[in-house]
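Read the structure below first, then the notes.
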Amino acid sequence: MQLLAAYDARYRRLRKEAIDAHLARFGAVCPGYGVLPHTATKAELTVDHVIPVADGGPSELWNFQVLCGTCNRRKGRATDVAVDRPVSSGPAPKSARGPLIA
Ligand SMILES: [Zn+2]
């Protein structure tokens, strides 16, 4: 089953790699999908397949974007990148003093 194969041990390793890299670069921030970037704890951060697994998107770093669980679910099977891309490819958002958008 392709879906199972997509979430194997290799995926879990890459997922950790992606989230660790995101944390190192941006800190505990979700780039936001449909909402502005906002703070998110490490535990809340998830890896989203930009091209969904269900649509054949591979578990490769280039197909990953880090989003919090809420934004990831909001994205669902959309294939676009989040507000994310400008954030991920640009300077890190300023660390938030207070809650931005929850
Ligand atoms: Zn989020």
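If you're wondering about the labels, chains in the structure tokens are A, B, ... by order shown, residues count from 1 in each chain, ligands from 1 in order shown.
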
Quick one: residues within 8 Å of stretch 42-53 of chain A, only C-alpha atoms counted, chain neighbours fewer than 4 positions away excluded, as a list in words? Leu3, Ala6, Arg15, Ala18, Ile19, Leu23, Ala28, Cys30, Gly57, Pro58, Ser59, Asn63, Phe64, Gln65, Val66, Leu67, Cys68, Gly69, Asn72, Arg77, Ala78, Thr79, Asp80 and Val81 of chain A

Restricted to N, CA and C atoms, what would the selected residues look like written as a PDB file, in the first residue's frame?
ATOM      1  N   LEU A   3       0.356   4.327   0.672  1.00  0.00           N
ATOM      2  CA  LEU A   3       0.265   5.247   1.795  1.00  0.00           C
ATOM      3  C   LEU A   3       1.142   4.794   2.948  1.00  0.00           C
ATOM      4  N   ALA A   6       4.757   5.414   2.377  1.00  0.00           N
ATOM      5  CA  ALA A   6       5.141   6.826   2.438  1.00  0.00           C
ATOM      6  C   ALA A   6       5.462   7.255   3.872  1.00  0.00           C
ATOM      7  N   ARG A  15      11.359  13.588   8.505  1.00  0.00           N
ATOM      8  CA  ARG A  15      10.438  14.496   9.189  1.00  0.00           C
ATOM      9  C   ARG A  15      11.157  15.187  10.351  1.00  0.00           C
ATOM     10  N   ALA A  18      13.587  17.677   8.980  1.00  0.00           N
ATOM     11  CA  ALA A  18      12.930  18.893   8.495  1.00  0.00           C
ATOM     12  C   ALA A  18      12.502  19.780   9.656  1.00  0.00           C
ATOM     13  N   ILE A  19      11.947  19.171  10.685  1.00  0.00           N
ATOM     14  CA  ILE A  19      11.473  19.964  11.817  1.00  0.00           C
ATOM     15  C   ILE A  19      12.658  20.538  12.588  1.00  0.00           C
ATOM     16  N   LEU A  23      13.301  24.452  13.181  1.00  0.00           N
ATOM     17  CA  LEU A  23      13.475  25.028  14.518  1.00  0.00           C
ATOM     18  C   LEU A  23      14.792  25.796  14.615  1.00  0.00           C
ATOM     19  N   ALA A  28      10.428  28.215  17.193  1.00  0.00           N
ATOM     20  CA  ALA A  28       9.127  27.552  17.311  1.00  0.00           C
ATOM     21  C   ALA A  28       8.045  28.433  16.710  1.00  0.00           C
ATOM     22  N   CYS A  30       5.179  28.588  13.433  1.00  0.00           N
ATOM     23  CA  CYS A  30       4.506  27.987  12.280  1.00  0.00           C
ATOM     24  C   CYS A  30       4.394  29.063  11.218  1.00  0.00           C
ATOM     25  N   GLY A  57       2.618  12.489  -3.885  1.00  0.00           N
ATOM     26  CA  GLY A  57       3.735  13.303  -3.398  1.00  0.00           C
ATOM     27  C   GLY A  57       4.721  12.454  -2.626  1.00  0.00           C
ATOM     28  N   PRO A  58       5.996  12.546  -2.953  1.00  0.00           N
ATOM     29  CA  PRO A  58       6.996  11.713  -2.281  1.00  0.00           C
ATOM     30  C   PRO A  58       7.386  12.282  -0.920  1.00  0.00           C
ATOM     31  N   SER A  59       7.898  11.396  -0.081  1.00  0.00           N
ATOM     32  CA  SER A  59       8.441  11.826   1.207  1.00  0.00           C
ATOM     33  C   SER A  59       9.889  12.233   1.009  1.00  0.00           C
ATOM     34  N   ASN A  63       9.639  18.165  -0.812  1.00  0.00           N
ATOM     35  CA  ASN A  63       8.175  18.144  -0.813  1.00  0.00           C
ATOM     36  C   ASN A  63       7.606  18.396   0.582  1.00  0.00           C
ATOM     37  N   PHE A  64       8.463  18.775   1.503  1.00  0.00           N
ATOM     38  CA  PHE A  64       8.000  19.024   2.864  1.00  0.00           C
ATOM     39  C   PHE A  64       7.895  20.506   3.142  1.00  0.00           C
ATOM     40  N   GLN A  65       6.928  20.851   3.941  1.00  0.00           N
ATOM     41  CA  GLN A  65       6.915  22.168   4.568  1.00  0.00           C
ATOM     42  C   GLN A  65       6.475  21.932   6.009  1.00  0.00           C
ATOM     43  N   VAL A  66       7.053  22.692   6.886  1.00  0.00           N
ATOM     44  CA  VAL A  66       6.721  22.532   8.296  1.00  0.00           C
ATOM     45  C   VAL A  66       5.555  23.456   8.633  1.00  0.00           C
ATOM     46  N   LEU A  67       4.529  22.864   9.186  1.00  0.00           N
ATOM     47  CA  LEU A  67       3.340  23.597   9.625  1.00  0.00           C
ATOM     48  C   LEU A  67       2.920  23.036  10.974  1.00  0.00           C
ATOM     49  N   CYS A  68       2.195  23.829  11.744  1.00  0.00           N
ATOM     50  CA  CYS A  68       1.625  23.254  12.956  1.00  0.00           C
ATOM     51  C   CYS A  68       0.494  22.314  12.544  1.00  0.00           C
ATOM     52  N   GLY A  69       0.090  21.476  13.464  1.00  0.00           N
ATOM     53  CA  GLY A  69      -0.938  20.494  13.154  1.00  0.00           C
ATOM     54  C   GLY A  69      -2.231  21.125  12.667  1.00  0.00           C
ATOM     55  N   ASN A  72      -1.714  22.359   9.169  1.00  0.00           N
ATOM     56  CA  ASN A  72      -1.582  21.189   8.304  1.00  0.00           C
ATOM     57  C   ASN A  72      -2.970  20.635   7.969  1.00  0.00           C
ATOM     58  N   ARG A  77      -5.720  18.497   1.526  1.00  0.00           N
ATOM     59  CA  ARG A  77      -5.141  17.975   0.289  1.00  0.00           C
ATOM     60  C   ARG A  77      -4.847  19.064  -0.729  1.00  0.00           C
ATOM     61  N   ALA A  78      -4.870  20.298  -0.301  1.00  0.00           N
ATOM     62  CA  ALA A  78      -4.447  21.354  -1.222  1.00  0.00           C
ATOM     63  C   ALA A  78      -2.988  21.095  -1.598  1.00  0.00           C
ATOM     64  N   THR A  79      -2.618  21.527  -2.776  1.00  0.00           N
ATOM     65  CA  THR A  79      -1.246  21.248  -3.213  1.00  0.00           C
ATOM     66  C   THR A  79      -0.396  22.508  -3.234  1.00  0.00           C
ATOM     67  N   ASP A  80      -0.972  23.600  -2.781  1.00  0.00           N
ATOM     68  CA  ASP A  80      -0.171  24.814  -2.795  1.00  0.00           C
ATOM     69  C   ASP A  80       0.704  24.881  -1.551  1.00  0.00           C
ATOM     70  N   VAL A  81       1.677  25.721  -1.621  1.00  0.00           N
ATOM     71  CA  VAL A  81       2.492  25.938  -0.441  1.00  0.00           C
ATOM     72  C   VAL A  81       1.827  27.001   0.404  1.00  0.00           C
TER      73      VAL A  81
END

For A:Val29, find every residue with an atom within 6 Å (counting only C-alpha atoms), except residues of its own chain fewer than 6 positions away, and show them as a ChimeraX atom specification. /A:38-40

Output for the residues just chosen: C-alpha atoms as a PDB file, in the first residue's frame:
ATOM      1  CA  HIS A  38       2.384  32.343  14.545  1.00  0.00           C
ATOM      2  CA  THR A  39       4.152  30.767  17.443  1.00  0.00           C
ATOM      3  CA  ALA A  40       3.878  27.021  17.784  1.00  0.00           C
TER       4      ALA A  40
END

Using only C-alpha atoms, can you tell me which of A:Ala21, A:Cys71, A:Ala9, A:Leu61 comes closest to A:Pro37?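 Closest to A:Pro37 of all the choices is A:Cys71.
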
Enumerate as a list in words all residues of stretch 28-84 of chain A assigned to strand (DSSP E) by DSSP on the backbone, naming them with the chain letters and numbers the document uses.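 Assigned to strand (DSSP E), within stretch 28-84 of chain A: Val29, Cys30, His38, Thr39, Leu45, Thr46, Val47, Asp48, His49, Phe64, Gln65, Val66, Leu67 and Cys68 of chain A.
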
Just the number, please: distance in Å from atom CA of A:Val35 to atom CA of A:Trp62, one decimal.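 Straight-line distance from atom CA of A:Val35 to atom CA of A:Trp62 works out to 22.4 Å.
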
Measuring atom to atom with only C-alpha atoms, identify which of A:Tyr7, A:Phe26, A:Arg13, A:Gly32 is nearest to A:Lys75.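 Among the listed residues, the smallest separation from A:Lys75 belongs to A:Gly32.
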
What is the distance, in Å and to one decimal place, between atom CA of A:Thr70 and atom CA of A:Thr41?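 A separation of 12.0 Å between them.
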
Mind giving me the straight-line distance from atom 1 (Zn, counted along the ligand's line) of ligand 1 to atom CA of A:Arg25 in Å, one decimal?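 Atom CA of A:Arg25 lies at a distance of 16.4 Å from atom 1 (Zn, counted along the ligand's line) of ligand 1.
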
From a DSSP calculation on the backbone, collect every residue of stretch 24-69 of chain A in helix (DSSP H, G or I) and output the set as a list in words.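 Helix (DSSP H, G or I) members of stretch 24-69 of chain A, listed: Ala24, Arg25, Phe26, Lys42, Ala43, Glu44, Val53, Ala54, Asp55, Leu61, Trp62, Asn63 and Gly69 of chain A.
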